[in-house]
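This is work_34.txt. It holds compact mmCIF, C-alpha atoms.
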# COMPACT_ATOMS: atom_id res chain seq x y z
CA MET A 1410 -27.66 -56.45 -46.97
CA PRO A 1411 -29.02 -55.23 -43.60
CA ASN A 1412 -32.46 -53.77 -43.47
CA ASN A 1413 -32.11 -50.08 -42.58
CA LYS A 1414 -35.74 -49.18 -42.79
CA LEU A 1415 -37.23 -47.39 -39.78
CA TYR A 1416 -40.66 -48.77 -39.22
CA ASP A 1417 -43.43 -46.42 -38.02
CA ARG A 1418 -41.16 -43.50 -38.71
CA GLU A 1419 -43.65 -40.75 -37.76
CA LYS A 1420 -44.74 -42.29 -34.49
CA VAL A 1421 -41.15 -42.91 -33.45
CA LEU A 1422 -40.05 -39.36 -34.25
CA ILE A 1423 -43.01 -37.77 -32.50
CA GLY A 1424 -42.42 -39.96 -29.47
CA LEU A 1425 -38.76 -39.03 -29.48
CA ALA A 1426 -39.59 -35.33 -29.67
CA ILE A 1427 -41.98 -35.60 -26.72
CA PHE A 1428 -39.40 -37.54 -24.74
CA VAL A 1429 -36.70 -34.94 -25.31
CA ALA A 1430 -39.09 -32.14 -24.44
CA VAL A 1431 -40.11 -33.76 -21.17
CA ILE A 1432 -36.58 -34.64 -20.15
CA SER A 1433 -35.28 -31.16 -20.81
CA PHE A 1434 -38.30 -29.48 -19.21
CA PRO A 1435 -36.50 -28.28 -16.04
CA PHE A 1436 -33.79 -26.66 -18.10
CA TRP A 1437 -35.91 -24.58 -20.46
CA PHE A 1438 -38.58 -23.90 -17.87
CA ASN A 1439 -36.05 -22.27 -15.55
CA MET A 1440 -34.06 -20.58 -18.27
CA GLY A 1441 -33.08 -17.05 -17.35
CA LYS A 1442 -34.61 -17.33 -13.90
CA ALA A 1443 -31.41 -18.14 -12.02
CA ALA A 1444 -31.23 -16.30 -8.74
CA PRO A 1445 -28.32 -13.85 -8.68
CA ALA A 1446 -25.37 -14.93 -6.57
CA PRO A 1447 -25.62 -13.27 -3.16
CA GLU A 1448 -23.45 -10.30 -2.32
CA LEU A 1449 -21.68 -10.90 0.97
CA LYS A 1450 -22.22 -8.10 3.45
CA LEU A 1451 -19.18 -7.79 5.65
CA SER A 1452 -19.44 -6.15 9.01
CA ASN A 1453 -17.42 -2.97 9.57
CA LYS A 1454 -15.08 -4.84 11.83
CA ALA A 1455 -14.44 -7.49 9.21
CA LYS A 1456 -13.88 -4.83 6.56
CA ALA A 1457 -11.40 -3.01 8.75
CA ALA A 1458 -9.43 -6.19 9.35
CA LYS A 1459 -8.93 -6.54 5.56
CA GLN A 1460 -8.15 -10.23 5.78
CA CYS A 1461 -9.67 -13.08 7.71
CA ILE A 1462 -7.38 -15.72 9.22
CA ALA A 1463 -6.38 -16.69 5.67
CA PRO A 1464 -6.76 -15.17 2.17
CA THR A 1465 -10.37 -14.72 1.08
CA PRO A 1466 -10.43 -17.29 -1.75
CA TYR A 1467 -9.06 -19.88 0.62
CA MET A 1468 -11.60 -19.00 3.28
CA ARG A 1469 -14.37 -19.16 0.74
CA ALA A 1470 -13.41 -22.64 -0.36
CA GLU A 1471 -12.14 -24.16 2.86
CA HIS A 1472 -13.89 -22.52 5.80
CA MET A 1473 -15.78 -25.69 6.62
CA ALA A 1474 -12.58 -27.72 6.57
CA ILE A 1475 -10.95 -25.17 8.88
CA LEU A 1476 -13.90 -25.28 11.26
CA ASP A 1477 -13.74 -29.05 11.30
CA LEU A 1478 -10.01 -29.04 11.97
CA TRP A 1479 -10.35 -26.38 14.65
CA ARG A 1480 -13.10 -28.27 16.39
CA ASP A 1481 -10.84 -31.30 16.79
CA THR A 1482 -7.89 -29.18 17.82
CA VAL A 1483 -9.89 -27.37 20.46
CA VAL A 1484 -11.83 -30.28 21.86
CA ARG A 1485 -9.19 -32.99 21.69
CA ASP A 1486 -5.86 -31.17 21.98
CA ALA A 1487 -7.17 -28.32 24.14
CA LYS A 1488 -5.41 -25.82 21.88
CA ARG A 1489 -7.65 -22.83 21.49
CA VAL A 1490 -5.47 -20.01 20.22
CA TYR A 1491 -4.58 -19.59 16.57
CA SER A 1492 -1.80 -17.27 15.43
CA ASP A 1493 -1.61 -16.39 11.76
CA ASN A 1494 1.53 -15.53 9.82
CA ASN A 1495 1.22 -11.87 10.73
CA GLY A 1496 1.20 -12.63 14.44
CA ARG A 1497 -2.49 -11.88 14.92
CA GLN A 1498 -4.15 -14.15 17.45
CA PHE A 1499 -7.63 -15.58 17.28
CA ASN A 1500 -9.85 -17.54 19.59
CA MET A 1501 -10.55 -20.79 17.75
CA SER A 1502 -14.23 -20.66 18.45
CA LEU A 1503 -17.33 -20.15 16.40
CA SER A 1504 -19.08 -17.75 18.69
CA THR A 1505 -17.19 -17.16 21.93
CA GLY A 1506 -16.04 -13.61 22.35
CA GLU A 1507 -14.50 -10.86 20.27
CA ASP A 1508 -11.74 -12.89 18.64
CA SER A 1509 -13.96 -15.73 17.48
CA CYS A 1510 -15.54 -16.12 14.03
CA MET A 1511 -18.78 -14.42 14.99
CA GLY A 1512 -16.91 -11.79 16.98
CA CYS A 1513 -15.98 -10.31 13.62
CA HIS A 1514 -18.70 -11.59 11.34
CA VAL A 1515 -21.32 -10.33 13.70
CA THR A 1516 -24.53 -11.12 11.88
CA LYS A 1517 -25.35 -14.68 11.03
CA ALA A 1518 -28.10 -13.63 8.62
CA ASP A 1519 -25.79 -11.46 6.54
CA PHE A 1520 -22.74 -13.62 6.67
CA CYS A 1521 -23.58 -17.31 7.01
CA ASP A 1522 -27.15 -17.62 5.86
CA LYS A 1523 -26.85 -15.61 2.68
CA CYS A 1524 -24.61 -18.08 0.87
CA HIS A 1525 -25.84 -21.16 2.66
CA ASN A 1526 -29.42 -20.45 1.66
CA TYR A 1527 -28.35 -19.71 -1.90
CA ALA A 1528 -26.37 -22.93 -2.14
CA SER A 1529 -29.07 -24.80 -0.23
CA VAL A 1530 -26.69 -26.17 2.37
CA ARG A 1531 -27.90 -26.47 5.93
CA PRO A 1532 -25.03 -26.94 8.36
CA TYR A 1533 -26.25 -27.69 11.87
CA CYS A 1534 -23.81 -25.39 13.69
CA TRP A 1535 -26.60 -23.32 15.21
CA ASP A 1536 -28.53 -26.25 16.61
CA CYS A 1537 -26.08 -26.04 19.50
CA HIS A 1538 -23.89 -22.97 19.11
CA ILE A 1539 -25.54 -19.70 19.90
CA ALA A 1540 -25.47 -17.02 17.26
CA PRO A 1541 -24.78 -13.48 18.43
CA LYS A 1542 -27.91 -11.46 19.07
CA GLU A 1543 -28.81 -9.41 16.07
CA ASN A 1544 -29.83 -5.77 16.24
CA LYS A 1545 -32.90 -5.26 14.18
CA MET B 42 -16.81 -52.97 -44.47
CA MET B 43 -17.84 -53.09 -40.83
CA GLU B 44 -21.23 -54.59 -40.29
CA ASN B 45 -23.41 -52.61 -37.92
CA SER B 46 -25.34 -54.95 -35.75
CA ARG B 47 -27.19 -54.47 -32.53
CA ARG B 48 -24.61 -56.71 -30.93
CA SER B 49 -21.57 -54.63 -31.84
CA PHE B 50 -23.37 -51.39 -30.95
CA LEU B 51 -24.16 -52.68 -27.47
CA LYS B 52 -20.57 -53.79 -27.00
CA ILE B 53 -19.19 -50.35 -27.84
CA ALA B 54 -21.83 -48.58 -25.74
CA GLY B 55 -21.04 -50.81 -22.78
CA VAL B 56 -17.31 -50.24 -22.91
CA THR B 57 -17.82 -46.47 -23.26
CA ALA B 58 -20.16 -46.32 -20.26
CA ALA B 59 -17.75 -48.36 -18.15
CA GLY B 60 -14.91 -46.03 -19.14
CA LEU B 61 -16.87 -42.90 -18.24
CA SER B 62 -17.90 -44.26 -14.87
CA LEU B 63 -14.31 -45.12 -14.03
CA LYS B 64 -13.11 -41.54 -14.44
CA PRO B 65 -14.13 -40.23 -10.98
CA VAL B 66 -12.69 -43.36 -9.38
CA THR B 67 -9.32 -42.96 -11.06
CA ASP B 68 -9.33 -39.27 -10.14
CA VAL B 69 -9.72 -40.12 -6.48
CA LEU B 70 -7.09 -42.83 -6.64
CA ALA B 71 -4.69 -40.50 -8.42
CA SER B 72 -4.99 -37.95 -5.62
CA GLY B 73 -4.11 -40.53 -3.03
CA GLY B 74 -7.62 -40.93 -1.67
CA HIS B 75 -7.69 -37.67 0.26
CA GLN B 76 -7.28 -34.00 -0.37
CA THR B 77 -3.77 -32.69 -0.28
CA LYS B 78 -4.45 -28.98 -0.60
CA SER B 79 -1.88 -26.77 0.98
CA SER B 80 -3.22 -25.18 4.10
CA PRO B 81 -2.29 -21.77 5.45
CA ILE B 82 -3.05 -22.94 8.97
CA GLY B 83 -0.60 -21.17 11.20
CA ASP B 84 0.33 -22.04 14.74
CA VAL B 85 -2.11 -23.31 17.29
CA SER B 86 -1.38 -23.07 20.97
CA LYS B 87 -2.99 -23.34 24.36
CA GLY B 88 -2.88 -19.66 25.18
CA LYS B 89 -0.98 -18.00 27.96
CA ASN B 90 -3.49 -18.22 30.81
CA VAL B 91 -4.23 -21.92 30.53
CA LEU B 92 -4.16 -24.08 33.67
CA THR B 93 -2.42 -27.37 33.02
CA ALA B 94 -1.87 -30.50 35.06
CA LYS B 95 -0.81 -34.07 34.67
CA ARG B 96 -3.88 -35.37 36.47
CA TRP B 97 -6.76 -33.18 37.50
CA ALA B 98 -8.60 -34.27 40.61
CA MET B 99 -11.15 -32.89 43.02
CA VAL B 100 -11.62 -33.20 46.77
CA ILE B 101 -15.05 -32.46 48.20
CA ASP B 102 -15.27 -31.53 51.85
CA VAL B 103 -18.68 -32.90 52.81
CA LYS B 104 -18.92 -31.04 56.11
CA LYS B 105 -18.29 -27.67 54.52
CA MET B 106 -20.63 -28.60 51.71
CA ALA B 107 -23.47 -29.01 54.19
CA HIS B 108 -23.23 -25.33 55.17
CA ASP B 109 -26.21 -23.27 54.20
CA GLY B 110 -26.87 -24.17 50.63
CA THR B 111 -23.29 -24.38 49.37
CA ALA B 112 -24.18 -27.54 47.49
CA HIS B 113 -27.00 -25.78 45.68
CA LYS B 114 -24.81 -22.83 44.85
CA CYS B 115 -22.40 -25.23 43.14
CA ILE B 116 -25.17 -26.99 41.24
CA ASP B 117 -26.83 -23.79 40.14
CA VAL B 118 -23.69 -22.10 38.87
CA CYS B 119 -22.63 -25.19 36.93
CA HIS B 120 -25.99 -25.70 35.29
CA LYS B 121 -26.33 -22.04 34.49
CA LEU B 122 -22.90 -21.68 32.91
CA HIS B 123 -23.23 -24.79 30.81
CA ASN B 124 -26.75 -24.21 29.56
CA VAL B 125 -28.06 -27.31 31.29
CA PRO B 126 -31.82 -27.42 30.77
CA ASP B 127 -34.20 -27.68 33.69
CA LEU B 128 -36.58 -30.47 32.76
CA LYS B 129 -39.19 -31.22 35.38
CA ASN B 130 -39.93 -34.71 34.13
CA LYS B 131 -37.58 -37.01 36.06
CA ARG B 132 -37.18 -39.30 33.10
CA HIS B 133 -35.91 -36.49 30.89
CA GLU B 134 -33.79 -34.78 33.52
CA ILE B 135 -30.32 -33.50 32.59
CA LYS B 136 -27.71 -33.29 35.36
CA TRP B 137 -24.02 -32.43 35.39
CA ILE B 138 -23.67 -32.18 39.15
CA TRP B 139 -26.29 -32.92 41.78
CA ASP B 140 -26.65 -33.91 45.42
CA GLU B 141 -27.25 -37.44 46.55
CA GLU B 142 -27.70 -39.13 49.92
CA PHE B 143 -24.91 -41.26 51.29
CA HIS B 144 -26.60 -44.59 50.69
CA HIS B 145 -27.14 -43.75 47.02
CA ALA B 146 -23.73 -42.29 46.42
CA PHE B 147 -21.88 -45.01 48.30
CA PRO B 148 -23.93 -48.21 48.07
CA GLY B 149 -22.27 -51.04 49.93
CA GLN B 150 -20.76 -48.70 52.48
CA HIS B 151 -24.10 -47.86 54.01
CA HIS B 152 -25.17 -49.33 57.34
CA GLU B 153 -27.92 -48.77 59.90
CA HIS B 154 -25.83 -46.88 62.39
CA LEU B 155 -24.43 -44.13 60.22
CA SER B 156 -23.99 -40.83 61.99
CA GLU B 157 -26.80 -38.33 61.49
CA ALA B 158 -24.45 -35.87 59.86
CA ILE B 159 -23.35 -38.31 57.20
CA GLU B 160 -26.73 -39.95 56.65
CA HIS B 161 -28.35 -36.73 55.46
CA ALA B 162 -25.40 -34.69 54.27
CA PRO B 163 -25.62 -33.59 50.63
CA PHE B 164 -23.01 -35.54 48.74
CA LEU B 165 -22.29 -33.67 45.55
CA VAL B 166 -21.86 -36.18 42.76
CA LEU B 167 -20.62 -35.57 39.26
CA CYS B 168 -18.56 -37.28 36.59
CA ASN B 169 -15.62 -38.92 38.37
CA HIS B 170 -13.23 -38.37 35.47
CA CYS B 171 -12.03 -41.91 36.05
CA GLU B 172 -8.51 -43.00 35.52
CA ASN B 173 -9.83 -46.02 33.64
CA PRO B 174 -13.11 -44.74 32.24
CA PRO B 175 -15.55 -47.43 31.10
CA CYS B 176 -17.57 -44.89 29.09
CA VAL B 177 -14.59 -44.22 26.85
CA ARG B 178 -14.24 -47.90 26.08
CA ALA B 179 -17.94 -48.19 25.33
CA CYS B 180 -18.20 -45.22 22.98
CA PRO B 181 -18.30 -46.48 19.39
CA THR B 182 -17.49 -43.10 17.82
CA LYS B 183 -14.80 -41.85 20.19
CA ALA B 184 -17.06 -38.96 21.05
CA THR B 185 -16.08 -39.58 24.65
CA PHE B 186 -12.37 -39.65 25.22
CA GLN B 187 -9.78 -39.09 27.91
CA ARG B 188 -7.55 -36.08 27.67
CA GLU B 189 -3.89 -36.26 28.59
CA ASP B 190 -4.58 -34.39 31.81
CA GLY B 191 -7.13 -37.01 32.82
CA ILE B 192 -10.31 -35.14 31.99
CA VAL B 193 -12.92 -37.40 30.45
CA LEU B 194 -14.41 -35.17 27.83
CA MET B 195 -17.14 -35.35 25.23
CA ASP B 196 -17.07 -34.13 21.68
CA PHE B 197 -20.77 -33.38 21.34
CA HIS B 198 -20.36 -33.07 17.57
CA ARG B 199 -19.56 -36.73 17.36
CA CYS B 200 -22.09 -38.19 19.75
CA ILE B 201 -24.63 -40.32 17.92
CA GLY B 202 -26.79 -40.84 20.99
CA CYS B 203 -26.36 -44.59 21.27
CA ARG B 204 -26.14 -44.29 25.08
CA PHE B 205 -23.60 -47.11 25.45
CA CYS B 206 -21.62 -44.73 27.67
CA MET B 207 -24.61 -44.29 29.95
CA ALA B 208 -24.92 -48.04 30.32
CA ALA B 209 -21.19 -48.31 30.97
CA CYS B 210 -20.93 -45.53 33.57
CA PRO B 211 -21.34 -47.05 37.05
CA TYR B 212 -22.06 -43.63 38.57
CA GLY B 213 -25.00 -42.51 36.44
CA SER B 214 -23.07 -39.36 35.63
CA ARG B 215 -24.47 -39.02 32.16
CA SER B 216 -27.75 -37.66 30.91
CA PHE B 217 -29.43 -38.05 27.57
CA ASN B 218 -31.31 -35.31 25.75
CA PHE B 219 -34.63 -36.96 25.03
CA ARG B 220 -36.00 -33.58 24.01
CA ASP B 221 -34.64 -30.45 22.44
CA PRO B 222 -33.11 -28.77 25.50
CA ARG B 223 -33.30 -25.19 24.25
CA PRO B 224 -36.82 -24.30 25.39
CA PHE B 225 -35.93 -25.45 28.91
CA ILE B 226 -32.90 -23.26 29.44
CA GLU B 227 -33.91 -20.34 31.54
CA GLU B 228 -31.11 -17.98 30.70
CA THR B 229 -28.91 -19.01 27.79
CA GLN B 230 -25.22 -18.28 28.14
CA GLU B 231 -23.92 -17.17 24.79
CA ASN B 232 -20.37 -18.34 25.28
CA PHE B 233 -21.22 -21.99 25.78
CA PRO B 234 -23.14 -24.08 23.29
CA THR B 235 -26.34 -25.87 24.16
CA ARG B 236 -26.81 -29.46 23.17
CA MET B 237 -29.35 -30.88 20.77
CA LYS B 238 -31.85 -33.68 20.98
CA GLY B 239 -30.27 -37.13 20.84
CA VAL B 240 -26.96 -36.25 22.49
CA VAL B 241 -25.51 -37.44 25.79
CA GLU B 242 -23.93 -34.90 28.11
CA LYS B 243 -22.07 -34.72 31.42
CA CYS B 244 -19.66 -32.66 33.50
CA ASN B 245 -16.56 -31.54 31.59
CA PHE B 246 -14.50 -30.44 34.61
CA CYS B 247 -14.93 -26.95 33.17
CA ALA B 248 -12.41 -27.59 30.41
CA GLU B 249 -13.47 -24.30 28.82
CA ARG B 250 -12.64 -22.41 32.04
CA LEU B 251 -9.31 -24.16 32.62
CA ALA B 252 -8.34 -23.03 29.13
CA VAL B 253 -8.60 -19.39 30.20
CA GLY B 254 -7.03 -19.83 33.62
CA LYS B 255 -10.13 -20.21 35.77
CA GLN B 256 -10.97 -22.88 38.32
CA PRO B 257 -14.04 -25.02 37.72
CA ALA B 258 -17.15 -23.03 38.49
CA CYS B 259 -18.31 -25.28 41.33
CA ALA B 260 -14.93 -25.04 43.07
CA GLU B 261 -14.96 -21.28 42.68
CA VAL B 262 -18.30 -20.74 44.42
CA SER B 263 -17.90 -23.48 47.02
CA ASP B 264 -16.21 -21.36 49.74
CA GLY B 265 -13.42 -23.89 49.98
CA ALA B 266 -15.65 -26.97 50.12
CA ILE B 267 -14.27 -28.12 46.77
CA ILE B 268 -10.56 -28.30 46.21
CA PHE B 269 -9.39 -28.76 42.67
CA GLY B 270 -5.86 -29.37 41.51
CA ASP B 271 -3.12 -31.51 40.08
CA LEU B 272 -2.84 -34.92 41.70
CA ASP B 273 0.56 -35.40 40.16
CA ASP B 274 2.04 -32.34 41.80
CA GLU B 275 3.25 -33.06 45.35
CA ASN B 276 2.86 -29.47 46.41
CA SER B 277 -0.63 -29.01 45.12
CA GLU B 278 -3.46 -28.29 47.50
CA VAL B 279 -5.31 -31.49 46.63
CA ARG B 280 -2.28 -33.57 47.52
CA LYS B 281 -1.88 -31.78 50.84
CA VAL B 282 -5.54 -32.28 51.67
CA LEU B 283 -5.41 -35.94 50.69
CA LYS B 284 -2.35 -36.46 52.83
CA ALA B 285 -3.91 -34.91 55.91
CA ASN B 286 -7.44 -36.33 55.72
CA HIS B 287 -9.24 -39.60 55.33
CA VAL B 288 -11.16 -39.66 52.07
CA ILE B 289 -13.48 -42.08 50.33
CA ARG B 290 -14.29 -42.60 46.68
CA ARG B 291 -17.40 -43.90 44.98
CA LYS B 292 -17.41 -47.63 44.13
CA PRO B 293 -13.61 -47.99 44.24
CA GLY B 294 -13.88 -51.77 43.88
CA LEU B 295 -14.90 -51.47 40.25
CA GLY B 296 -11.40 -50.41 39.30
CA THR B 297 -12.42 -47.30 37.42
CA GLY B 298 -10.17 -45.09 39.52
CA PRO B 299 -12.53 -42.20 40.24
CA GLN B 300 -10.80 -38.84 40.71
CA ILE B 301 -13.40 -37.24 42.95
CA TYR B 302 -12.44 -37.72 46.61
CA TYR B 303 -14.90 -37.19 49.48
CA MET B 304 -13.67 -35.93 52.81
CA VAL B 305 -16.17 -37.13 55.42

Whole structure, structure tokens version:
Amino acid sequence: MPNNKLYDREKVLIGLAIFVAVISFPFWFNMGKAAPAPELKLSNKAKAAKQCIAPTPYMRAEHMAILDLWRDTVVRDAKRVYSDNNGRQFNMSLSTGEDSCMGCHVTKADFCDKCHNYASVRPYCWDCHIAPKENK
Amino acid sequence: MMENSRRSFLKIAGVTAAGLSLKPVTDVLASGGHQTKSSPIGDVSKGKNVLTAKRWAMVIDVKKMAHDGTAHKCIDVCHKLHNVPDLKNKRHEIKWIWDEEFHHAFPGQHHEHLSEAIEHAPFLVLCNHCENPPCVRACPTKATFQREDGIVLMDFHRCIGCRFCMAACPYGSRSFNFRDPRPFIEETQENFPTRMKGVVEKCNFCAERLAVGKQPACAEVSDGAIIFGDLDDENSEVRKVLKANHVIRRKPGLGTGPQIYYMV
């Protein structure tokens, strides 16, 4: 017959309770304090265009993959013009001219930074690329 | 009745933990190791104004270049357009195109009795966009590569700053950003990126201008002292100039096949 007795029952249980409390501290401490998801502010030009180069959910999920692909296409294959299925043409560039990404999404602070800050991601695009001047 | 022992508990716990940790691995393997999401990427093309060639090359007319400050006009426009910082410290200097004396540009071809005109003429030197570029072979990340039209280009995104290319280049055409270049750019051009600290840079034969149908900036402002064109096209201006004039190249004996020709 195995011995099922828990020795020092009180001490063990108190210790266990403290352990659980400490481990779960970040969760209950921050309960209800979650920052609200940021509302994207689209520029008038972007609103008027209705759709970016691809449907919004796709852009939301894959914009970094597109930028990565475009970078290679532009730099290595020297192909700089993108035509979407509706025949619209875009300059495959982050911030060069009217038909580039920032040509439409004119303010970095409203468009890029809002979500990136919220999600705590820090892409280094702007270490080299130059964001359009913002009117303040 | 099953006997609960520490031993059997540990066994079960171990197998469970192993199983749980395998899940992400099997997920990745099941998807073939990479993402296979459908992409709505449409057509990409070069655009209608693009200048294309089989082999871009440049001829520099040294006599014309010596005319009142043409050389400096070329240097200034290039450095301005490409956001090249102006660092006073020689050891941090960034250069895409600069002027050099004959005995520096053409070591081994120098002698005591050079004509005055040649001895002190400003020889504009830049990346030679070699046919057989040693920098491309040295680059461990393929940040430097040779385009089909012969342009030796850099993908600044990929450069890790190892400087192997600088050691490999026999012409010293490459500069390294020892400091953040941004504070040293007098007037930032918005349509061309700057570089960041820890990246190598050099002349790109104005790839971004060729893409929109413009000649390289230095050729454009040189008043005919720089001729740029397709070496593969018999009727091109560069070919005509090369046929009619004696030209020299920098360090031809190294076998790199430089594509900048100097008309002396």

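The nearest approach to chain A among the residues B:Ile192, B:Val66, B:Leu167, B:Met304, with only C-alpha atoms taken into account, belongs to B:Ile192.
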
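Separating CA of Ile268 (chain B) from CA of Tyr302 (chain B) is a distance of 9.6 Å.
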
Self-check item: Counting all atoms listed in the file, chain A residues within 7 Å of chain B, as a ChimeraX atom specification
Solution: /A:1463,1484-1485,1487-1494,1504-1505,1536-1539

Practice problem: Could you give me, as number ranges by chain, the residues within 10 Å of Glu1448 (chain A), counting all atoms listed in the file and dropping anything in the same chain fewer than 4 positions from it? | Solution: A: 1519-1520, 1523-1524

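Rounded to one decimal, CA of Gly294 (chain B) and CA of His161 (chain B) lie 23.9 Å from each other.
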
Quiz prompt | Nearby residues, (-14.9, -6.5, 11.2) file frame, 12 Å, all atoms listed in the file, as an NGL selection string | solution = :A and (1450-1461 or 1507-1516 or 1520)

Could those selected residues go to a file with C-alpha atoms, as a tab-separated table (two decimals), in the frame of the given file?
chain	number	residue	atom	x	y	z
A	1450	LYS	CA	-22.22	-8.10	3.45
A	1451	LEU	CA	-19.18	-7.79	5.65
A	1452	SER	CA	-19.44	-6.15	9.01
A	1453	ASN	CA	-17.42	-2.97	9.57
A	1454	LYS	CA	-15.08	-4.84	11.83
A	1455	ALA	CA	-14.44	-7.49	9.21
A	1456	LYS	CA	-13.88	-4.83	6.56
A	1457	ALA	CA	-11.40	-3.01	8.75
A	1458	ALA	CA	-9.43	-6.19	9.35
A	1459	LYS	CA	-8.93	-6.54	5.56
A	1460	GLN	CA	-8.15	-10.23	5.78
A	1461	CYS	CA	-9.67	-13.08	7.71
A	1507	GLU	CA	-14.50	-10.86	20.27
A	1508	ASP	CA	-11.74	-12.89	18.64
A	1509	SER	CA	-13.96	-15.73	17.48
A	1510	CYS	CA	-15.54	-16.12	14.03
A	1511	MET	CA	-18.78	-14.42	14.99
A	1512	GLY	CA	-16.91	-11.79	16.98
A	1513	CYS	CA	-15.98	-10.31	13.62
A	1514	HIS	CA	-18.70	-11.59	11.34
A	1515	VAL	CA	-21.32	-10.33	13.70
A	1516	THR	CA	-24.53	-11.12	11.88
A	1520	PHE	CA	-22.74	-13.62	6.67

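Residue nearest Trp97 (chain B), chosen from B:Val193, B:Val166, B:Leu61, B:Leu283 and counting only C-alpha atoms: B:Val193.
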
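Atom to atom, CA of Pro174 (chain B) and CA of Val262 (chain B) stand 27.4 Å apart.
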
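Among the candidates B:Lys281, B:Val118, B:Ala162, B:Ser214, the residue lying nearest to Cys176 (chain B) is B:Ser214 (atoms considered: only C-alpha atoms).
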
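For the choices A:Ala1540, A:Pro1532, A:Leu1449, A:Pro1466, the atom-to-atom distance to Ser1502 (chain A) is smallest for A:Ala1540 when using only C-alpha atoms.
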
Region 224-228 of chain B: which residues within 10 Å, counting all atoms listed in the file, same-chain residues fewer than 6 positions away excluded, as a PDB file with C-alpha atoms, in the frame of the given file?
ATOM      1  CA  HIS B 120     -25.990 -25.700  35.290  1.00  0.00           C
ATOM      2  CA  LYS B 121     -26.330 -22.040  34.490  1.00  0.00           C
ATOM      3  CA  LEU B 122     -22.900 -21.680  32.910  1.00  0.00           C
ATOM      4  CA  HIS B 123     -23.230 -24.790  30.810  1.00  0.00           C
ATOM      5  CA  ASN B 124     -26.750 -24.210  29.560  1.00  0.00           C
ATOM      6  CA  VAL B 125     -28.060 -27.310  31.290  1.00  0.00           C
ATOM      7  CA  PRO B 126     -31.820 -27.420  30.770  1.00  0.00           C
ATOM      8  CA  ASP B 127     -34.200 -27.680  33.690  1.00  0.00           C
ATOM      9  CA  LEU B 128     -36.580 -30.470  32.760  1.00  0.00           C
ATOM     10  CA  LYS B 129     -39.190 -31.220  35.380  1.00  0.00           C
ATOM     11  CA  THR B 235     -26.340 -25.870  24.160  1.00  0.00           C
TER      12      THR B 235
END

Quiz prompt | Near-Met99 (chain B) list (8 Å; all atoms listed in the file; drop same-chain fewer than 5 positions) as a ChimeraX atom specification | solution = /B:267-270,279,300-302

Quiz item: Can you list, as number ranges by chain, every protein, DNA or RNA residue that comes within 9 Å of Arg290 (chain B) when you count all atoms listed in the file, leaving out same-chain residues fewer than 2 positions away?
Solution: B: 147, 288, 292-293, 298-303
